[in-house]
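Reading through the structure tokens given below for one structure.
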Amino acid sequence: MRRTAIVIFAFGFIALSTFAQRAIKEDYKLKFDDVLNLMETKYVEHPEFEKLIDEAIVAMVKDLDPHSEYMTAEEYKKMSEPLTGNFEGIGVQFNILKDTIAVVSPISGGPSEKLGIRSGDKIVVIEDTVVAGIGIKNRDVISKLRGDKGTKVRVKIYRRGVKNLIEYTIVRDKIPIFSVDASYMLNEETGYVKVNRFAQSTMEEFHEALDELEPLGMKHLVLDLRGNSGGYLNTAIQLSDEFLEDKNLIVYTEGISNPKRESFATSRGRFEKGKLVVLIDEGSASASEIVSGAIQDHDRGLIIGRRSFGKGLVQRPFKLRDGSTLKLTTARYYTPAGRCIQRSYEGGNDEYRKEGQRRRDNGELFSADSIHLDEQEEFLTDNKRKVYGGGGILPDLFIPLDTTENSEFLRDLLSNGLFYQYINEYVDANREELKSQYLDFETFDAKFDLNGKFLDDFFVFAEKEMKPKKLTEDADVLNQKQLQTLDKVLVNDEAASQPQDFATRKQEGMETSGKLIKTRLKALLARTLWKSEEFYRVFNTEDDAVGKAIKSIDDKTFRKLKLSYN
């Protein structure tokens, strides 16, 4: 009787508590309505309610967690484009350098490439509006340059060595986005696949990669997830299923309003046998951590690299009545061993976003001994190896960030887009000769001479391009004040940061960064002559993590760690 009374009391207490919470929530709703009514009836002017309510929602959501987000219909559409496999726009990859939109590279086959827009070009005017030196943000560039297929946008471009701005009218088109950057054989038995996002098309692309590699004798695989910030949860589950045996738990999700939901591997996996290495780094997040966590917990493969980002929150989009979307965190996801790898965000969103710099400052990117987890809770893999929760996936083998080849000279070459610009001009001038001399990548890789005239011409080009040139006139659009703004952004700031003795800078830079400069030139040349895969085929020959992966497959590492591959 007493026990029954206690149960009834507890149930009643819970019901009362729930009732009280509902009452409080209703009070706050009424309070919000009161504020809106007072603003409508008493404020000195007519308030812009749509704007005010949007800003209020943004402020509320901001205090929940770093990944919940409110978006307008247009913002949500643009956010979803990289995961749905395409977008509509002008087809350029860009960075904002020195307050200016710099073209990193035109997308192959896109409208900008067809018009002759080059790597290193700077977009300074869009539809008669100067966009350099005004503090433009990435989202502003996207809103101005993306648009529906068939629509037009006029841009003016600053190109070094050209007196006036160059005007282009670009007809927007559908631009494909691929999630598999490269797939090729590292050696006779080991394949390599780099996945940059978990999108709708990822599994189709991954299967195409396997279709190409398996007939070439692939027995082992290096899966590169470095810099992969995630994507669709279901795609991560499907990719994990390729490697895990039937009925292996892949991931489970759980939240206060979301009961525990488990996802298991099926019998359909195409690479359940053979040595598997997964490469991760501090840019590997969310879906990448689901895959690497499942592989690690089941001892199915070897994780190499640096600690992953640490995002273990699941977001679900909710469409609102006006077409806007609330992307709300509804659950946490957990690896098979029970790890929630979400790192702490108790310090607020601003501190949360500084994590990358914090890891660099505390030495974690350079030494595994400097890694400090929020809560270093121990878990066990299938074979009783210790793994840890508390923020990200810790690799089995640590690869430090290598900065020994960095130099100011290399940074100047990169920031000015000179690698891309030189390679584009070199290929434009020599394409037929290069194609006839190097019939395929293998011939090019074995015989192309990086030294001699090719390298000498690059430095002649670089020296010329680093000398500041004054933009003198463009009578069609720009007035004198606008010209002065562009000159300040494009010329004076560069001149202030560039030492005059190019020969000395080159000598010092080559002593430190010579191998890296040559490798980047050859990789970009290979990509321009063929496709992005060839970039990685060159660049990965100097990649420490890829080298360690190959070595680990060949030595006793898998046996020592009791990893499954037979």
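Chain labels A, B, ... are given in the sequence in which chains occur in the structure tokens; within each chain residues are numbered consecutively from 1, and ligands are likewise numbered from 1 in the order shown.
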Per residue of segment 291-376 of chain A within 7 Å of segment 66-77 of chain A, what are the shortest atom pair and its distance in Å to one decimal, counting only C-alpha atoms, with rows by chain and residue number, as JSON lines?
```
{"residue": "A:Gln315", "atom": "CA", "partner": "A:Ser68", "partner_atom": "CA", "distance": 6.9}
{"residue": "A:Gly323", "atom": "CA", "partner": "A:Ala73", "partner_atom": "CA", "distance": 5.2}
{"residue": "A:Ser324", "atom": "CA", "partner": "A:Thr72", "partner_atom": "CA", "distance": 4.3}
{"residue": "A:Thr325", "atom": "CA", "partner": "A:Met71", "partner_atom": "CA", "distance": 5.3}
{"residue": "A:Leu326", "atom": "CA", "partner": "A:Tyr70", "partner_atom": "CA", "distance": 4.6}
{"residue": "A:Lys327", "atom": "CA", "partner": "A:Glu69", "partner_atom": "CA", "distance": 5.1}
{"residue": "A:Leu328", "atom": "CA", "partner": "A:Ser68", "partner_atom": "CA", "distance": 4.7}
{"residue": "A:Thr329", "atom": "CA", "partner": "A:Ser68", "partner_atom": "CA", "distance": 5.4}
{"residue": "A:Asn349", "atom": "CA", "partner": "A:Pro66", "partner_atom": "CA", "distance": 5.3}
```
For atom CA of Ile341 of chain A and atom CA of Leu313 of chain A, the interatomic separation in Å (one decimal):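 According to the coordinates, atom CA of Ile341 of chain A and atom CA of Leu313 of chain A are separated by 8.9 Å.
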Which of A:Ala368, A:Leu450, A:Glu511, A:Ala503 sits closest to Asn406 of chain A [using only C-alpha atoms]: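 Closest candidate: A:Glu511.
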Go through A:Ala102, A:Asp65, A:Gln437, A:Lys386 one by one, measure the shortest atom-to-atom distance of each to Gln342 of chain A using only C-alpha atoms, and give the residue with the smallest value.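 Going through A:Ala102, A:Asp65, A:Gln437, A:Lys386 one by one, the smallest distance to Gln342 of chain A is for A:Asp65.
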Write out as JSON, numbers by chain the residues lying within 9 Å of segment 414-416 of chain A, counting only C-alpha atoms and excluding same-chain residues fewer than 4 positions away. {"A": [97, 102, 120, 409, 410, 420, 465, 466]}
Export of the given selection (all heavy atoms) as a PDB file, in the first residue's frame:
```
ATOM      1  N   LEU A  97      39.583  37.973 -50.289  1.00  0.00           N
ATOM      2  CA  LEU A  97      40.962  38.273 -49.934  1.00  0.00           C
ATOM      3  C   LEU A  97      41.153  39.783 -49.925  1.00  0.00           C
ATOM      4  O   LEU A  97      40.851  40.460 -50.916  1.00  0.00           O
ATOM      5  CB  LEU A  97      41.936  37.630 -50.929  1.00  0.00           C
ATOM      6  CG  LEU A  97      41.869  36.102 -51.056  1.00  0.00           C
ATOM      7  CD1 LEU A  97      42.753  35.635 -52.197  1.00  0.00           C
ATOM      8  CD2 LEU A  97      42.294  35.461 -49.749  1.00  0.00           C
ATOM      9  N   ALA A 102      37.905  37.308 -54.810  1.00  0.00           N
ATOM     10  CA  ALA A 102      38.940  36.745 -55.679  1.00  0.00           C
ATOM     11  C   ALA A 102      38.475  35.393 -56.209  1.00  0.00           C
ATOM     12  O   ALA A 102      38.041  34.535 -55.441  1.00  0.00           O
ATOM     13  CB  ALA A 102      40.255  36.587 -54.918  1.00  0.00           C
ATOM     14  N   GLY A 120      42.424  33.998 -60.123  1.00  0.00           N
ATOM     15  CA  GLY A 120      43.173  35.217 -59.818  1.00  0.00           C
ATOM     16  C   GLY A 120      42.437  36.493 -60.184  1.00  0.00           C
ATOM     17  O   GLY A 120      42.792  37.572 -59.696  1.00  0.00           O
ATOM     18  N   PHE A 409      56.791  33.797 -48.436  1.00  0.00           N
ATOM     19  CA  PHE A 409      56.804  33.800 -49.894  1.00  0.00           C
ATOM     20  C   PHE A 409      55.687  32.894 -50.432  1.00  0.00           C
ATOM     21  O   PHE A 409      54.946  33.280 -51.356  1.00  0.00           O
ATOM     22  CB  PHE A 409      58.164  33.317 -50.396  1.00  0.00           C
ATOM     23  CG  PHE A 409      58.317  33.331 -51.890  1.00  0.00           C
ATOM     24  CD1 PHE A 409      58.279  34.510 -52.593  1.00  0.00           C
ATOM     25  CD2 PHE A 409      58.510  32.142 -52.584  1.00  0.00           C
ATOM     26  CE1 PHE A 409      58.428  34.529 -53.977  1.00  0.00           C
ATOM     27  CE2 PHE A 409      58.664  32.143 -53.954  1.00  0.00           C
ATOM     28  CZ  PHE A 409      58.620  33.339 -54.663  1.00  0.00           C
ATOM     29  N   LEU A 410      55.532  31.704 -49.867  1.00  0.00           N
ATOM     30  CA  LEU A 410      54.468  30.795 -50.291  1.00  0.00           C
ATOM     31  C   LEU A 410      53.105  31.413 -50.020  1.00  0.00           C
ATOM     32  O   LEU A 410      52.201  31.335 -50.880  1.00  0.00           O
ATOM     33  CB  LEU A 410      54.598  29.461 -49.547  1.00  0.00           C
ATOM     34  CG  LEU A 410      53.474  28.453 -49.758  1.00  0.00           C
ATOM     35  CD1 LEU A 410      53.364  28.050 -51.221  1.00  0.00           C
ATOM     36  CD2 LEU A 410      53.669  27.220 -48.876  1.00  0.00           C
ATOM     37  N   TYR A 420      47.167  29.462 -59.603  1.00  0.00           N
ATOM     38  CA  TYR A 420      46.062  29.224 -60.526  1.00  0.00           C
ATOM     39  C   TYR A 420      46.220  30.049 -61.797  1.00  0.00           C
ATOM     40  O   TYR A 420      46.030  29.567 -62.915  1.00  0.00           O
ATOM     41  CB  TYR A 420      44.732  29.586 -59.853  1.00  0.00           C
ATOM     42  CG  TYR A 420      44.375  28.725 -58.673  1.00  0.00           C
ATOM     43  CD1 TYR A 420      44.619  29.155 -57.375  1.00  0.00           C
ATOM     44  CD2 TYR A 420      43.785  27.484 -58.853  1.00  0.00           C
ATOM     45  CE1 TYR A 420      44.288  28.372 -56.286  1.00  0.00           C
ATOM     46  CE2 TYR A 420      43.444  26.691 -57.761  1.00  0.00           C
ATOM     47  CZ  TYR A 420      43.695  27.138 -56.486  1.00  0.00           C
ATOM     48  OH  TYR A 420      43.371  26.362 -55.407  1.00  0.00           O
ATOM     49  N   GLU A 465      53.680  40.017 -61.466  1.00  0.00           N
ATOM     50  CA  GLU A 465      52.342  40.163 -60.913  1.00  0.00           C
ATOM     51  C   GLU A 465      52.337  40.760 -59.513  1.00  0.00           C
ATOM     52  O   GLU A 465      51.357  41.385 -59.110  1.00  0.00           O
ATOM     53  CB  GLU A 465      51.643  38.802 -60.886  1.00  0.00           C
ATOM     54  CG  GLU A 465      51.323  38.241 -62.252  1.00  0.00           C
ATOM     55  CD  GLU A 465      50.387  39.144 -63.031  1.00  0.00           C
ATOM     56  OE1 GLU A 465      49.354  39.544 -62.457  1.00  0.00           O
ATOM     57  OE2 GLU A 465      50.687  39.466 -64.183  1.00  0.00           O
ATOM     58  N   MET A 466      53.431  40.586 -58.771  1.00  0.00           N
ATOM     59  CA  MET A 466      53.476  41.116 -57.411  1.00  0.00           C
ATOM     60  C   MET A 466      53.794  42.606 -57.373  1.00  0.00           C
ATOM     61  O   MET A 466      53.659  43.241 -56.328  1.00  0.00           O
ATOM     62  CB  MET A 466      54.502  40.339 -56.574  1.00  0.00           C
ATOM     63  CG  MET A 466      54.015  38.967 -56.143  1.00  0.00           C
ATOM     64  SD  MET A 466      55.216  38.154 -55.057  1.00  0.00           S
ATOM     65  CE  MET A 466      54.362  36.623 -54.699  1.00  0.00           C
TER      66      MET A 466
END
```
Would you give me, as a list in words, the residues in segment 259-324 of chain A that DSSP reads as alpha helix (DSSP H)? Ala287, Ser288, Glu289, Ile290, Val291, Ser292, Gly293, Ala294, Ile295, Gln296 and Asp297 of chain A
To one decimal place in Å, what is the distance between atom CA of Tyr333 of chain A and atom CA of Ala549 of chain A? 27.9 Å
Can you tell me, as a list of chain:residue names, what residues are no more than 6 Å from Gly305 of chain A when counting only C-alpha atoms, ignoring any on the same chain fewer than 5 positions away? A:Leu279, A:Ile280, A:Asp281, A:Pro395, A:Phe398, A:Ile399
Can you list, as a count of residues only, all residues belonging to segment 148-392 of chain A that DSSP tags as strand (DSSP E)? 80
Take atom CA of Gly391 of chain A and atom CA of Ser263 of chain A and report the distance between them in Å, one decimal.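 Separation of atom CA of Gly391 of chain A and atom CA of Ser263 of chain A: 21.7 Å.
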Give me the residues near Glu212 of chain A as a list of chain:residue names, where near means some atom within 12 Å (using only C-alpha atoms) and where sequence neighbours in that chain fewer than 2 positions away do not count.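 Listed by chain and then number, they are A:Ala182, A:Ser183, A:Tyr184, A:Met185, A:Gly191, A:Tyr192, A:Val193, A:Glu205, A:Phe206, A:His207, A:Glu208, A:Ala209, A:Leu210, A:Glu214, A:Pro215, A:Leu216, A:Gly217, A:Met218.
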Considering only C-alpha atoms, return as JSON, numbers by chain whatever protein or nucleic-acid residues lie within 7 Å of Leu525 of chain A, sequence-local ones (same chain, fewer than 4 positions apart) excluded. {"A": [423, 521, 529]}
Surrounding residues of Leu83 of chain A excluding itself and chain neighbours under 2 positions, 9 Å, only C-alpha atoms, as a JSON list (two decimals) with N, CA and C atoms, in the first residue's frame:
```json
[["chain", "number", "residue", "atom", "x", "y", "z"],
["A", 79, "MET", "N", 21.36, 26.99, -48.54],
["A", 79, "MET", "CA", 22.07, 26.10, -47.63],
["A", 79, "MET", "C", 21.98, 24.65, -48.10],
["A", 80, "SER", "N", 20.84, 24.28, -48.69],
["A", 80, "SER", "CA", 20.61, 22.90, -49.09],
["A", 80, "SER", "C", 21.27, 22.54, -50.41],
["A", 81, "GLU", "N", 21.61, 23.55, -51.22],
["A", 81, "GLU", "CA", 22.11, 23.27, -52.57],
["A", 81, "GLU", "C", 23.33, 22.35, -52.61],
["A", 85, "GLY", "N", 23.12, 18.44, -54.68],
["A", 85, "GLY", "CA", 23.94, 18.04, -55.83],
["A", 85, "GLY", "C", 24.13, 19.08, -56.89],
["A", 86, "ASN", "N", 23.47, 20.25, -56.79],
["A", 86, "ASN", "CA", 23.70, 21.29, -57.79],
["A", 86, "ASN", "C", 23.16, 22.62, -57.28],
["A", 177, "ILE", "N", 27.47, 19.79, -58.45],
["A", 177, "ILE", "CA", 28.36, 19.67, -57.29],
["A", 177, "ILE", "C", 28.60, 18.18, -57.05],
["A", 179, "SER", "N", 30.42, 15.03, -54.82],
["A", 179, "SER", "CA", 30.88, 14.78, -53.45],
["A", 179, "SER", "C", 32.09, 13.86, -53.39],
["A", 197, "ARG", "N", 31.67, 15.64, -48.97],
["A", 197, "ARG", "CA", 30.40, 15.92, -48.28],
["A", 197, "ARG", "C", 29.51, 14.68, -48.35],
["A", 198, "PHE", "N", 28.50, 14.63, -47.51],
["A", 198, "PHE", "CA", 27.53, 13.53, -47.52],
["A", 198, "PHE", "C", 26.23, 14.07, -48.10],
["A", 199, "ALA", "N", 26.07, 13.89, -49.40],
["A", 199, "ALA", "CA", 24.97, 14.49, -50.14],
["A", 199, "ALA", "C", 24.06, 13.42, -50.73],
["A", 200, "GLN", "N", 23.06, 13.87, -51.48],
["A", 200, "GLN", "CA", 22.13, 12.93, -52.11],
["A", 200, "GLN", "C", 22.84, 12.00, -53.08],
["A", 201, "SER", "N", 23.84, 12.52, -53.77],
["A", 201, "SER", "CA", 24.49, 11.74, -54.83],
["A", 201, "SER", "C", 25.72, 10.97, -54.34],
["A", 231, "GLY", "N", 26.84, 16.40, -43.59],
["A", 231, "GLY", "CA", 25.74, 16.37, -44.55],
["A", 231, "GLY", "C", 24.61, 15.53, -44.01],
["A", 232, "TYR", "N", 24.03, 14.70, -44.88],
["A", 232, "TYR", "CA", 22.86, 13.92, -44.49],
["A", 232, "TYR", "C", 23.23, 12.73, -43.60]]
```
